[in-house]
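Trainee: Here you go, entry30.cif (mmCIF, C-alpha atoms):
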```cif
data_my_file
#
loop_
_atom_site.label_atom_id
_atom_site.label_comp_id
_atom_site.auth_asym_id
_atom_site.auth_seq_id
_atom_site.Cartn_x
_atom_site.Cartn_y
_atom_site.Cartn_z
CA MET A 1203 132.41 71.89 72.93
CA ASP A 1204 131.14 69.69 75.79
CA LEU A 1205 127.55 70.52 76.72
CA LYS A 1206 127.21 67.72 79.27
CA PHE A 1207 126.81 68.33 82.98
CA SER A 1208 129.40 66.80 85.26
CA PRO A 1209 128.12 64.02 87.54
CA GLU A 1210 127.97 66.51 90.45
CA GLN A 1211 126.08 69.10 88.38
CA ALA A 1212 123.64 66.46 87.17
CA LEU A 1213 123.04 65.33 90.75
CA ILE A 1214 122.35 68.89 91.91
CA ARG A 1215 119.88 69.35 89.06
CA LYS A 1216 118.14 66.10 90.04
CA VAL A 1217 117.93 67.07 93.71
CA ALA A 1218 116.67 70.57 92.83
CA ARG A 1219 114.03 69.18 90.46
CA GLU A 1220 112.76 66.66 93.00
CA PHE A 1221 112.72 69.25 95.78
CA SER A 1222 110.89 71.73 93.57
CA GLU A 1223 108.25 69.18 92.65
CA SER A 1224 107.76 67.83 96.19
CA GLU A 1225 108.15 70.95 98.35
CA VAL A 1226 107.82 74.06 96.18
CA ALA A 1227 105.01 73.15 93.78
CA PRO A 1228 102.43 72.27 96.48
CA ARG A 1229 102.98 75.62 98.20
CA ALA A 1230 103.23 77.94 95.19
CA GLU A 1231 99.57 78.74 94.56
CA VAL A 1232 98.75 79.22 98.25
CA MET A 1233 101.77 81.49 98.73
CA ASP A 1234 100.64 83.61 95.80
CA ARG A 1235 97.00 83.79 96.86
CA GLU A 1236 97.68 84.58 100.52
CA HIS A 1237 100.73 86.83 99.95
CA GLU A 1238 102.47 84.75 102.59
CA PHE A 1239 106.25 84.91 102.93
CA PRO A 1240 107.42 81.26 102.86
CA TYR A 1241 109.45 80.95 106.07
CA GLU A 1242 108.83 77.19 106.31
CA LEU A 1243 109.98 76.66 102.72
CA ILE A 1244 113.07 78.79 103.31
CA SER A 1245 113.98 76.61 106.28
CA LEU A 1246 113.69 73.52 104.09
CA MET A 1247 115.76 75.15 101.34
CA GLY A 1248 118.44 75.90 103.92
CA LYS A 1249 118.52 72.31 105.15
CA VAL A 1250 118.91 70.95 101.61
CA GLY A 1251 121.70 73.43 100.87
CA PHE A 1252 120.13 75.80 98.34
CA LEU A 1253 120.78 78.89 100.49
CA GLY A 1254 124.49 78.18 100.81
CA MET A 1255 125.39 77.28 97.25
CA VAL A 1256 127.94 80.09 96.78
CA ILE A 1257 129.30 79.68 100.32
CA PRO A 1258 132.38 77.42 100.69
CA LYS A 1259 132.19 74.26 102.75
CA GLU A 1260 134.50 75.73 105.40
CA TYR A 1261 131.66 78.11 106.29
CA GLY A 1262 128.95 75.47 106.15
CA GLY A 1263 127.89 75.96 102.53
CA SER A 1264 128.00 73.56 99.62
CA GLY A 1265 130.60 75.50 97.61
CA SER A 1266 128.84 74.77 94.34
CA ASP A 1267 129.98 76.14 91.00
CA SER A 1268 127.93 78.74 89.14
CA VAL A 1269 126.59 76.25 86.59
CA SER A 1270 125.12 74.11 89.38
CA TYR A 1271 123.76 77.21 91.10
CA VAL A 1272 121.86 78.61 88.10
CA THR A 1273 120.60 75.13 87.21
CA ALA A 1274 119.12 74.83 90.70
CA ILE A 1275 117.50 78.26 90.42
CA GLU A 1276 115.90 77.26 87.12
CA GLU A 1277 114.40 74.15 88.73
CA ILE A 1278 113.12 76.04 91.78
CA SER A 1279 111.71 78.90 89.67
CA ARG A 1280 109.93 76.37 87.44
CA HIS A 1281 107.35 76.07 90.22
CA SER A 1282 107.75 79.33 92.17
CA ALA A 1283 109.37 82.57 91.06
CA VAL A 1284 109.16 83.68 94.71
CA ALA A 1285 111.35 80.82 95.92
CA GLY A 1286 113.67 81.47 92.98
CA VAL A 1287 114.22 85.15 93.74
CA ILE A 1288 114.72 84.49 97.47
CA MET A 1289 117.41 81.97 96.60
CA ALA A 1290 119.00 84.28 94.01
CA VAL A 1291 119.14 87.42 96.16
CA HIS A 1292 120.37 85.54 99.23
CA ASN A 1293 123.19 83.84 97.32
CA SER A 1294 124.20 86.30 94.60
CA VAL A 1295 123.99 89.78 96.08
CA SER A 1296 124.16 89.05 99.79
CA SER A 1297 126.29 86.00 100.60
CA TYR A 1298 128.66 86.46 97.65
CA PRO A 1299 129.73 90.06 98.48
CA ILE A 1300 130.44 89.06 102.08
CA LEU A 1301 132.49 86.11 100.84
CA LYS A 1302 134.43 88.22 98.33
CA TYR A 1303 134.90 91.48 100.22
CA GLY A 1304 134.30 90.64 103.87
CA THR A 1305 136.88 90.31 106.60
CA ASP A 1306 137.58 86.92 108.14
CA GLU A 1307 135.57 88.02 111.18
CA GLN A 1308 132.59 89.02 109.01
CA LYS A 1309 132.70 85.72 107.14
CA GLU A 1310 132.80 83.74 110.37
CA ARG A 1311 129.99 85.83 111.88
CA PHE A 1312 127.53 85.74 108.99
CA LEU A 1313 128.21 83.02 106.42
CA PRO A 1314 127.62 79.87 108.52
CA ARG A 1315 124.18 81.15 109.58
CA MET A 1316 123.38 82.32 106.07
CA ALA A 1317 124.31 78.92 104.62
CA THR A 1318 121.57 77.24 106.67
CA GLY A 1319 118.98 79.96 106.21
CA GLU A 1320 119.05 80.89 109.90
CA VAL A 1321 119.93 84.39 108.68
CA LEU A 1322 118.48 85.56 105.37
CA GLY A 1323 120.39 88.17 103.41
CA GLY A 1324 119.24 91.26 101.51
CA PHE A 1325 120.75 93.92 99.27
CA ALA A 1326 119.68 97.58 99.44
CA LEU A 1327 120.58 99.98 96.66
CA THR A 1328 117.34 101.41 95.23
CA GLU A 1329 115.95 104.71 96.54
CA PRO A 1330 113.19 107.09 95.40
CA GLU A 1331 115.82 109.02 93.41
CA ALA A 1332 118.15 106.13 92.59
CA GLY A 1333 117.67 102.85 90.81
CA SER A 1334 119.11 102.58 87.33
CA ASP A 1335 121.05 105.75 88.23
CA VAL A 1336 123.20 104.53 91.11
CA MET A 1337 124.83 107.94 91.39
CA GLY A 1338 121.48 109.22 92.64
CA VAL A 1339 121.86 107.41 95.99
CA ARG A 1340 121.20 109.90 98.81
CA THR A 1341 121.49 107.65 101.87
CA THR A 1342 124.50 108.88 103.83
CA ALA A 1343 126.97 107.31 106.22
CA ASP A 1344 128.92 109.89 108.25
CA LYS A 1345 131.99 108.96 110.29
CA ASP A 1346 131.38 109.07 114.03
CA GLY A 1347 134.23 107.98 116.26
CA ASP A 1348 134.86 104.28 115.69
CA GLY A 1349 131.74 103.87 113.58
CA TRP A 1350 129.28 105.45 111.20
CA VAL A 1351 125.87 107.09 111.40
CA LEU A 1352 123.49 106.05 108.63
CA ASN A 1353 120.56 108.20 107.49
CA GLY A 1354 118.23 107.69 104.55
CA SER A 1355 115.84 105.14 103.10
CA LYS A 1356 115.71 102.36 100.52
CA ILE A 1357 112.71 101.14 98.53
CA PHE A 1358 111.70 97.95 96.67
CA ILE A 1359 114.09 95.83 98.75
CA THR A 1360 113.52 92.12 98.18
CA GLN A 1361 113.04 90.23 101.49
CA GLY A 1362 113.75 93.50 103.26
CA ARG A 1363 111.80 92.72 106.42
CA ALA A 1364 112.73 89.05 106.45
CA SER A 1365 116.49 89.58 106.18
CA GLY A 1366 118.70 89.28 109.23
CA VAL A 1367 121.46 91.24 107.49
CA VAL A 1368 121.18 93.72 104.62
CA ILE A 1369 124.05 95.05 102.51
CA VAL A 1370 123.39 98.79 102.24
CA LEU A 1371 125.02 101.14 99.74
CA ALA A 1372 125.51 104.61 101.23
CA ARG A 1373 127.26 107.85 100.31
CA THR A 1374 130.39 108.47 102.39
CA LYS A 1375 131.62 111.44 100.35
CA GLN A 1376 129.64 114.30 98.85
CA GLU A 1377 131.45 114.51 95.52
CA ASN A 1378 129.64 112.69 92.73
CA THR A 1379 132.09 109.97 91.72
CA SER A 1380 132.13 106.19 91.92
CA LYS A 1381 134.49 106.55 94.91
CA SER A 1382 131.79 108.35 96.91
CA PHE A 1383 130.06 105.19 98.14
CA SER A 1384 130.70 102.48 100.69
CA THR A 1385 128.76 99.40 101.76
CA PHE A 1386 127.65 98.42 105.25
CA LEU A 1387 126.22 95.30 106.89
CA VAL A 1388 123.05 96.44 108.64
CA GLU A 1389 121.62 93.91 111.07
CA LYS A 1390 117.94 93.47 111.80
CA ASP A 1391 118.01 94.45 115.48
CA MET A 1392 120.10 97.63 115.19
CA ASP A 1393 118.62 100.76 116.80
CA GLY A 1394 117.45 103.26 114.21
CA PHE A 1395 116.57 100.59 111.61
CA THR A 1396 112.83 100.49 110.88
CA TYR A 1397 110.54 99.48 108.04
CA GLY A 1398 108.25 101.58 105.90
CA SER A 1399 105.74 100.38 103.36
CA LEU A 1400 105.36 96.75 102.34
CA GLU A 1401 104.66 96.76 98.61
CA ASP A 1402 101.41 95.25 97.30
CA LYS A 1403 102.62 93.89 93.98
CA MET A 1404 101.25 92.53 90.72
CA GLY A 1405 103.38 89.39 90.90
CA ILE A 1406 105.76 87.47 93.20
CA THR A 1407 103.17 88.44 95.81
CA ALA A 1408 104.62 86.22 98.55
CA SER A 1409 107.99 87.96 98.30
CA ASP A 1410 108.59 90.56 101.00
CA THR A 1411 109.34 93.79 99.10
CA SER A 1412 109.87 96.57 101.62
CA GLU A 1413 110.98 100.09 102.33
CA LEU A 1414 113.91 100.33 104.76
CA ILE A 1415 114.40 103.44 106.89
CA PHE A 1416 117.62 104.47 108.66
CA GLU A 1417 117.41 107.23 111.27
CA ASP A 1418 120.68 108.06 113.03
CA LEU A 1419 121.55 104.37 112.83
CA TYR A 1420 124.95 103.78 114.40
CA ILE A 1421 127.04 101.15 112.62
CA PRO A 1422 130.34 99.98 114.15
CA ASP A 1423 133.22 100.06 111.71
CA GLU A 1424 133.44 96.28 111.97
CA ASN A 1425 130.19 96.22 109.95
CA ARG A 1426 131.68 98.17 107.04
CA LEU A 1427 131.98 95.82 104.06
CA GLY A 1428 135.12 96.48 102.04
CA SER A 1429 137.25 99.60 102.12
CA ILE A 1430 135.87 103.14 102.14
CA GLY A 1431 134.96 104.23 98.62
CA LEU A 1432 134.67 100.66 97.30
CA GLY A 1433 130.89 100.49 97.56
CA PHE A 1434 130.12 101.20 93.92
CA LYS A 1435 132.48 98.45 92.77
CA ILE A 1436 131.04 95.99 95.30
CA ALA A 1437 127.50 96.75 94.15
CA MET A 1438 128.29 96.49 90.44
CA SER A 1439 130.33 93.28 90.72
CA SER A 1440 127.58 91.71 92.84
CA LEU A 1441 124.93 92.67 90.31
CA ASP A 1442 126.98 91.12 87.48
CA GLY A 1443 126.66 87.76 89.20
CA GLY A 1444 123.13 88.46 90.38
CA ARG A 1445 121.94 88.96 86.82
CA ILE A 1446 122.85 85.37 85.97
CA GLY A 1447 120.61 84.23 88.82
CA ILE A 1448 117.70 86.37 87.64
CA GLY A 1449 118.28 85.10 84.10
CA ALA A 1450 117.93 81.57 85.52
CA GLN A 1451 114.75 82.62 87.28
CA GLY A 1452 113.35 83.92 83.99
CA LEU A 1453 114.41 80.70 82.31
CA GLY A 1454 112.51 78.68 84.90
CA ILE A 1455 109.34 80.71 84.34
CA ALA A 1456 109.65 80.43 80.55
CA ARG A 1457 110.10 76.67 80.80
CA ALA A 1458 107.05 76.40 83.07
CA CYS A 1459 104.98 78.29 80.49
CA LEU A 1460 106.12 75.94 77.75
CA GLU A 1461 105.50 72.75 79.72
CA GLU A 1462 102.05 73.83 80.91
CA SER A 1463 101.12 74.88 77.37
CA ILE A 1464 102.16 71.54 75.87
CA LYS A 1465 100.13 69.70 78.51
CA TYR A 1466 97.05 71.86 77.95
CA ALA A 1467 97.29 71.76 74.14
CA LYS A 1468 97.23 67.96 74.21
CA GLU A 1469 94.18 67.88 76.49
CA ARG A 1470 92.03 70.74 75.18
CA GLU A 1471 89.82 69.85 72.22
CA GLN A 1472 88.16 72.17 69.72
CA PHE A 1473 86.54 71.28 66.41
CA GLY A 1474 86.78 67.61 67.32
CA ARG A 1475 90.51 67.35 67.96
CA PRO A 1476 93.20 68.51 70.45
CA ILE A 1477 94.32 72.07 69.79
CA ALA A 1478 97.88 70.71 69.61
CA LYS A 1479 96.92 69.50 66.13
CA PHE A 1480 96.50 73.06 64.85
CA GLN A 1481 99.47 74.65 63.16
CA ALA A 1482 98.92 78.00 64.90
CA ILE A 1483 99.39 76.35 68.29
CA GLN A 1484 102.31 74.26 67.07
CA TRP A 1485 104.15 77.36 65.86
CA MET A 1486 103.62 79.11 69.20
CA LEU A 1487 105.01 76.09 71.04
CA ALA A 1488 107.97 75.84 68.65
CA GLU A 1489 108.86 79.48 69.19
CA MET A 1490 108.52 79.12 72.96
CA ALA A 1491 110.79 76.06 72.97
CA THR A 1492 113.40 77.87 70.87
CA ARG A 1493 113.47 80.85 73.22
CA VAL A 1494 113.76 78.59 76.25
CA GLU A 1495 116.76 76.77 74.76
CA ALA A 1496 118.42 80.02 73.66
CA ALA A 1497 117.91 81.51 77.12
CA ARG A 1498 119.39 78.42 78.77
CA GLY A 1499 122.43 78.65 76.50
CA LEU A 1500 123.13 82.25 77.50
CA VAL A 1501 122.56 81.63 81.21
CA LEU A 1502 124.88 78.61 81.23
CA GLN A 1503 127.51 80.42 79.17
CA ALA A 1504 127.57 83.30 81.65
CA ALA A 1505 127.84 80.84 84.55
CA PHE A 1506 130.63 78.91 82.78
CA LEU A 1507 132.64 82.10 82.18
CA LYS A 1508 132.23 83.11 85.83
CA ASP A 1509 133.47 79.71 86.98
CA ALA A 1510 136.43 79.96 84.59
CA GLY A 1511 137.43 83.32 86.06
CA LYS A 1512 136.90 85.06 82.72
CA PRO A 1513 135.06 88.37 82.10
CA PHE A 1514 131.35 87.65 82.17
CA GLY A 1515 129.64 91.02 82.72
CA ASP A 1516 128.46 91.52 79.14
CA ILE A 1517 127.25 87.93 78.77
CA SER A 1518 125.44 88.08 82.13
CA ALA A 1519 123.65 91.21 80.90
CA MET A 1520 122.67 89.38 77.70
CA ALA A 1521 121.51 86.35 79.70
CA LYS A 1522 119.40 88.41 82.07
CA MET A 1523 117.91 90.51 79.27
CA TYR A 1524 117.13 87.64 76.91
CA ALA A 1525 115.93 85.08 79.45
CA THR A 1526 113.57 87.49 81.21
CA ASP A 1527 112.23 88.83 77.91
CA ALA A 1528 111.67 85.19 76.93
CA ALA A 1529 109.83 84.60 80.20
CA MET A 1530 107.41 87.44 79.52
CA TRP A 1531 106.91 86.48 75.88
CA CYS A 1532 106.31 82.82 76.73
CA ALA A 1533 103.90 83.79 79.49
CA VAL A 1534 101.81 85.85 77.07
CA GLN A 1535 101.72 82.94 74.62
CA ALA A 1536 100.83 80.49 77.38
CA VAL A 1537 97.85 82.57 78.47
CA GLN A 1538 96.76 82.85 74.83
CA ILE A 1539 97.01 79.09 74.29
CA HIS A 1540 94.90 78.52 77.40
CA GLY A 1541 92.32 80.98 76.10
CA GLY A 1542 89.74 82.10 78.65
CA TYR A 1543 91.03 79.57 81.16
CA GLY A 1544 94.44 81.20 81.00
CA TYR A 1545 92.94 84.40 82.35
CA THR A 1546 91.61 82.65 85.44
CA ARG A 1547 93.33 81.34 88.54
CA ASP A 1548 92.30 77.81 87.66
CA TYR A 1549 95.57 77.41 85.74
CA PRO A 1550 99.05 78.58 86.83
CA VAL A 1551 99.87 80.45 83.62
CA GLU A 1552 98.19 83.64 84.83
CA ARG A 1553 100.55 83.59 87.85
CA TYR A 1554 103.51 82.97 85.56
CA MET A 1555 102.54 86.03 83.53
CA ARG A 1556 102.32 88.25 86.62
CA ASP A 1557 105.59 86.89 88.00
CA ALA A 1558 107.47 87.18 84.70
CA LYS A 1559 107.01 90.93 84.37
CA VAL A 1560 109.16 91.92 87.32
CA THR A 1561 112.11 89.90 86.05
CA GLN A 1562 112.45 92.47 83.25
CA ILE A 1563 112.73 95.20 85.89
CA TYR A 1564 114.77 94.18 88.93
CA GLU A 1565 118.52 93.49 89.09
CA GLY A 1566 118.81 96.24 86.47
CA THR A 1567 116.04 96.90 83.95
CA ASN A 1568 116.43 95.28 80.57
CA GLU A 1569 116.97 98.74 79.10
CA ILE A 1570 120.03 99.03 81.33
CA GLN A 1571 121.17 95.56 80.21
CA ARG A 1572 121.03 96.73 76.61
CA MET A 1573 123.17 99.72 77.56
CA VAL A 1574 125.70 97.40 79.23
CA VAL A 1575 125.88 95.18 76.15
CA ALA A 1576 126.16 98.14 73.77
CA ARG A 1577 128.91 99.72 75.90
CA GLY A 1578 130.88 96.49 75.69
CA LEU A 1579 130.49 96.40 71.93
CA LEU A 1580 131.50 100.01 71.41
#
```
Starting from the coordinates I provided, produce the structure as C-alpha cells.

Mentor:
Amino acid sequence: MDLKFSPEQALIRKVAREFSESEVAPRAEVMDREHEFPYELISLMGKVGFLGMVIPKEYGGSGSDSVSYVTAIEEISRHSAVAGVIMAVHNSVSSYPILKYGTDEQKERFLPRMATGEVLGGFALTEPEAGSDVMGVRTTADKDGDGWVLNGSKIFITQGRASGVVIVLARTKQENTSKSFSTFLVEKDMDGFTYGSLEDKMGITASDTSELIFEDLYIPDENRLGSIGLGFKIAMSSLDGGRIGIGAQGLGIARACLEESIKYAKEREQFGRPIAKFQAIQWMLAEMATRVEAARGLVLQAAFLKDAGKPFGDISAMAKMYATDAAMWCAVQAVQIHGGYGYTRDYPVERYMRDAKVTQIYEGTNEIQRMVVARGLL
C-alpha cells in the first residue's frame, strides 16, 4: 500500500500550504471579527486555481484529482474554515454537478467563469420543512411554455448572496417519490429571485449564509440541469463528493487545534515547568494527534476511491462523520489546554471551536452519516 503523494499532489499541497500561510492566515481573525465575506481572498483563490480544482483544463480549471483537492482544502481550512467551506461548496456541489450533468452549452457558459472565481457557485436544497428529509422539499417548478416557473424558498444556503449561480432542487411532480424533483441553474440577476434573512451565526461568521426566495421566477429550459426527475440523484451524488470536502475541512480544523495546542503547551509554564511536561496534557495531545491521523486516513481513502471510479458513498459518510467529530473534540481539548486564555479571543482556538461545530451539521448531519453507513452495512 503506497501512502506517498505523487509529485503533482505534493506540489499542490505545498502551494496550498504556502498560500494558506501567506494569504489566508493574516485575514482569518479580521474576517471572523467583522463578519466580512472575503471577496478579495476569493479572487486570489481563483487566480491560484483553488476554485477550479474539479474543473477540467479545457474549461479553464486545473483538473486536479480528488486527493489533491481534499489536501488543498485541509491546508486552507487549517487557517480559515470560512475559506475552506467556500472552496468546498464551490467545487463539490456547484461546479461538479454542472460538469457531470450539464449540457455542453451549460459547461461552456458557466465553468470557465467559475474556474477563475468570477462566478461563485452555490447549492440550495434546505428549506424550513426539508433538510435531512429531502422529500420534504416544497419549492416547486411548474412547466410554462419553453421554461419553468419557480416558487418557494431555501434557507441556510452557504454563499447564497455571493453566488452568481445557484443549483436549486425543486419539486416538478406532486407525487412523493425520488423522481419528483429536478434541478435548475438560477442566476443572480433573474427577475423574481430575492434574498431573505442573512444568518447571524455562532461560527464561520464571515461566510454568507442566506435565505433565498423565488417568486414566480421564470427559468428558461436551457437552465434546467439534467433531465426532468433526476434532481434527487443529482443532489445525492453531489453530496457524496461534497462530504469528502467537508471532512477535509474538519481535518484542517482538527489539525489547527493540535498544532496550536502543542505550541502553547511548550510555552505556558505552571509549577515551574512547561505544561507540556505534565502527563495529563501529553495524553490530550496524543489523543488529538491520533484522531487527526485517523481522520486524514478516511478522507484520503474516500478521495482515492472516488478517483479510482469505485463506490465511495459509505466511506465519504464515514470520513465526514469522523473528521468533523474529531474537529469538535480536538477544539474542546484545545480550549481546555489553553485554560482561561482559550476562552478569549487572544488565541485562535476559541474560533476553531465555534467553527468546528457547524461541520457536524451541514452537508448532512452526522446522525444522517451514521444512517448512511449503517444502511450500507445492513

Trainee: Near Tyr1298 (chain A), counting all atoms listed in the file, which residues have an atom at most 10 Å away, once you skip same-chain residues fewer than 6 positions from it, shown as a count of residues only?

Mentor: 12

Trainee: Quick one: of A:Gly1323, A:Pro1422, A:Gly1511, A:Gly1354, who's nearest to Pro1299 (chain A), counting all atoms listed in the file?

Mentor: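 The closest residue to Pro1299 (chain A) is A:Gly1323.
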
Trainee: Could you spell out the hits of the PyMOL selection byres ((chain A and resi 1493-1501) around 7) on the shown file, as a list of chain:residue names?

Mentor: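 With the PyMOL selection byres ((chain A and resi 1493-1501) around 7) on this model, the match is A:Ile1446, A:Gly1449, A:Ala1450, A:Leu1453, A:Ala1456, A:Arg1457, A:Glu1489, A:Met1490, A:Ala1491, A:Thr1492, A:Leu1502, A:Gln1503, A:Ala1504, A:Ala1505, A:Ala1521, A:Tyr1524, A:Ala1525, A:Ala1528.
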
Trainee: Selection in question (the file shown): the PyMOL selection byres ((chain A and resi 1576-1579) around 12). Which residues does it include, as a list in words?

Mentor: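 Applied to this file, the PyMOL selection byres ((chain A and resi 1576-1579) around 12) selects Pro1513, Phe1514, Gly1515, Asp1516, Ile1517, Ser1518, Ala1519, Met1520, Glu1569, Ile1570, Gln1571, Arg1572, Met1573, Val1574, Val1575 and Leu1580 of chain A.
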
Trainee: What's the 8 Å shell around region 1240-1253 of chain A, counting all atoms listed in the file, without same-chain residues fewer than 2 positions away, as a PDB file with C-alpha atoms, in the frame of the given file?

Mentor:
```pdb
ATOM      1  CA  GLU A1225     108.150  70.950  98.350  1.00  0.00           C
ATOM      2  CA  VAL A1226     107.820  74.060  96.180  1.00  0.00           C
ATOM      3  CA  MET A1233     101.770  81.490  98.730  1.00  0.00           C
ATOM      4  CA  GLU A1238     102.470  84.750 102.590  1.00  0.00           C
ATOM      5  CA  MET A1255     125.390  77.280  97.250  1.00  0.00           C
ATOM      6  CA  GLY A1263     127.890  75.960 102.530  1.00  0.00           C
ATOM      7  CA  SER A1264     128.000  73.560  99.620  1.00  0.00           C
ATOM      8  CA  ALA A1274     119.120  74.830  90.700  1.00  0.00           C
ATOM      9  CA  ALA A1285     111.350  80.820  95.920  1.00  0.00           C
ATOM     10  CA  MET A1289     117.410  81.970  96.600  1.00  0.00           C
ATOM     11  CA  HIS A1292     120.370  85.540  99.230  1.00  0.00           C
ATOM     12  CA  ASN A1293     123.190  83.840  97.320  1.00  0.00           C
ATOM     13  CA  MET A1316     123.380  82.320 106.070  1.00  0.00           C
ATOM     14  CA  ALA A1317     124.310  78.920 104.620  1.00  0.00           C
ATOM     15  CA  THR A1318     121.570  77.240 106.670  1.00  0.00           C
ATOM     16  CA  GLY A1319     118.980  79.960 106.210  1.00  0.00           C
ATOM     17  CA  GLU A1320     119.050  80.890 109.900  1.00  0.00           C
ATOM     18  CA  ALA A1408     104.620  86.220  98.550  1.00  0.00           C
TER      19      ALA A1408
END
```

Trainee: Neighbouring residues of Glu1331 (chain A) were defined as those with any atom within 12 Å, considering all atoms listed in the file; residues of the same chain fewer than 3 positions away were excluded. Please report them as a PyMOL selection string.

Mentor: chain A and resi 1327-1328+1334-1341+1354-1357

Trainee: A:Ala1230, A:Tyr1271, A:Lys1559, A:Val1368: which is nearest Ser1297 (chain A), counting only C-alpha atoms?

Mentor: A:Val1368

Trainee: Report, in Å to a single decimal, how far apart CA of Lys1345 (chain A) and CA of Glu1413 (chain A) are.

Mentor: 24.2 Å

Trainee: When distances are computed from all atoms listed in the file, which of A:Gly1262, A:Gly1447, A:Ser1282, A:Ser1294 shows the smallest separation from Val1232 (chain A)?

Mentor: A:Ser1282

Trainee: For Trp1485 (chain A), which residue among A:Gln1308, A:Thr1385, A:Ser1268, A:Gln1535 is the nearest when counting all atoms listed in the file?

Mentor: A:Gln1535

Trainee: Rounded to one decimal place, report the CA of Lys1381 (chain A)-CA of Phe1434 (chain A) distance in Å.

Mentor: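 Separation of CA of Lys1381 (chain A) and CA of Phe1434 (chain A): 7.0 Å.
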
Trainee: Figure out the distance between CA of Val1560 (chain A) and CA of Ser1384 (chain A), please, to one decimal in Å.

Mentor: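 Pair CA of Ser1384 (chain A) / CA of Val1560 (chain A) returns 27.5 Å.
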
Trainee: Hey, what comes out of the PyMOL selection byres ((chain A and resi 1393) around 8) on this file? Could you write it as a VMD selection string?

Mentor: chain A and resid 1391 to 1392 1394 to 1395 1419 to 1420

Trainee: Next, the residues of the selection above should be written as a JSON list (two decimals), in the coordinates of the input with C-alpha atoms.

Mentor:
```
[["chain", "number", "residue", "atom", "x", "y", "z"],
["A", 1391, "ASP", "CA", 118.01, 94.45, 115.48],
["A", 1392, "MET", "CA", 120.10, 97.63, 115.19],
["A", 1394, "GLY", "CA", 117.45, 103.26, 114.21],
["A", 1395, "PHE", "CA", 116.57, 100.59, 111.61],
["A", 1419, "LEU", "CA", 121.55, 104.37, 112.83],
["A", 1420, "TYR", "CA", 124.95, 103.78, 114.40]]
```

Trainee: Report, as JSON, the centre and edge lengths in Å (one decimal) of the axis-aligned box enclosing every listed atom of region 1388-1397 of chain A, padded by 4 Å on each side.

Mentor:
```
{"center_x": 116.8, "center_y": 98.4, "center_z": 112.4, "size_x": 20.5, "size_y": 17.8, "size_z": 16.8}
```

Trainee: Considering all atoms listed in the file, state which residue in the set A:Arg1229, A:Lys1216, A:Lys1390, A:His1281 is at the smallest distance from Gly1454 (chain A).

Mentor: A:His1281

Trainee: Because the input lacks atoms here, generate all heavy atoms for region 1248-1252 of chain A and report them as an mmCIF file, in the coordinates of the input.

Mentor:
```cif
data_model
loop_
_atom_site.group_PDB
_atom_site.id
_atom_site.type_symbol
_atom_site.label_atom_id
_atom_site.label_comp_id
_atom_site.auth_asym_id
_atom_site.auth_seq_id
_atom_site.Cartn_x
_atom_site.Cartn_y
_atom_site.Cartn_z
ATOM 1 N N GLY A 1248 117.178 75.809 103.204
ATOM 2 C CA GLY A 1248 118.440 75.900 103.920
ATOM 3 C C GLY A 1248 118.975 74.540 104.308
ATOM 4 O O GLY A 1248 120.177 74.272 104.186
ATOM 5 N N LYS A 1249 118.098 73.653 104.743
ATOM 6 C CA LYS A 1249 118.520 72.310 105.150
ATOM 7 C C LYS A 1249 119.065 71.514 103.969
ATOM 8 O O LYS A 1249 120.016 70.737 104.109
ATOM 9 C CB LYS A 1249 117.350 71.575 105.795
ATOM 10 C CG LYS A 1249 116.959 72.132 107.156
ATOM 11 C CD LYS A 1249 115.753 71.403 107.730
ATOM 12 C CE LYS A 1249 115.358 71.977 109.082
ATOM 13 N NZ LYS A 1249 114.146 71.309 109.639
ATOM 14 N N VAL A 1250 118.455 71.680 102.797
ATOM 15 C CA VAL A 1250 118.910 70.950 101.610
ATOM 16 C C VAL A 1250 120.210 71.525 101.057
ATOM 17 O O VAL A 1250 120.986 70.825 100.411
ATOM 18 C CB VAL A 1250 117.804 70.954 100.523
ATOM 19 C CG1 VAL A 1250 118.277 70.284 99.248
ATOM 20 C CG2 VAL A 1250 116.557 70.242 101.042
ATOM 21 N N GLY A 1251 120.451 72.819 101.323
ATOM 22 C CA GLY A 1251 121.700 73.430 100.870
ATOM 23 C C GLY A 1251 121.554 74.495 99.816
ATOM 24 O O GLY A 1251 122.556 75.063 99.347
ATOM 25 N N PHE A 1252 120.323 74.845 99.424
ATOM 26 C CA PHE A 1252 120.130 75.800 98.340
ATOM 27 C C PHE A 1252 120.446 77.243 98.743
ATOM 28 O O PHE A 1252 120.653 78.083 97.880
ATOM 29 C CB PHE A 1252 118.690 75.724 97.811
ATOM 30 C CG PHE A 1252 118.374 74.416 97.141
ATOM 31 C CD1 PHE A 1252 117.219 73.721 97.453
ATOM 32 C CD2 PHE A 1252 119.239 73.868 96.211
ATOM 33 C CE1 PHE A 1252 116.928 72.513 96.834
ATOM 34 C CE2 PHE A 1252 118.964 72.667 95.595
ATOM 35 C CZ PHE A 1252 117.800 71.978 95.906
#
```
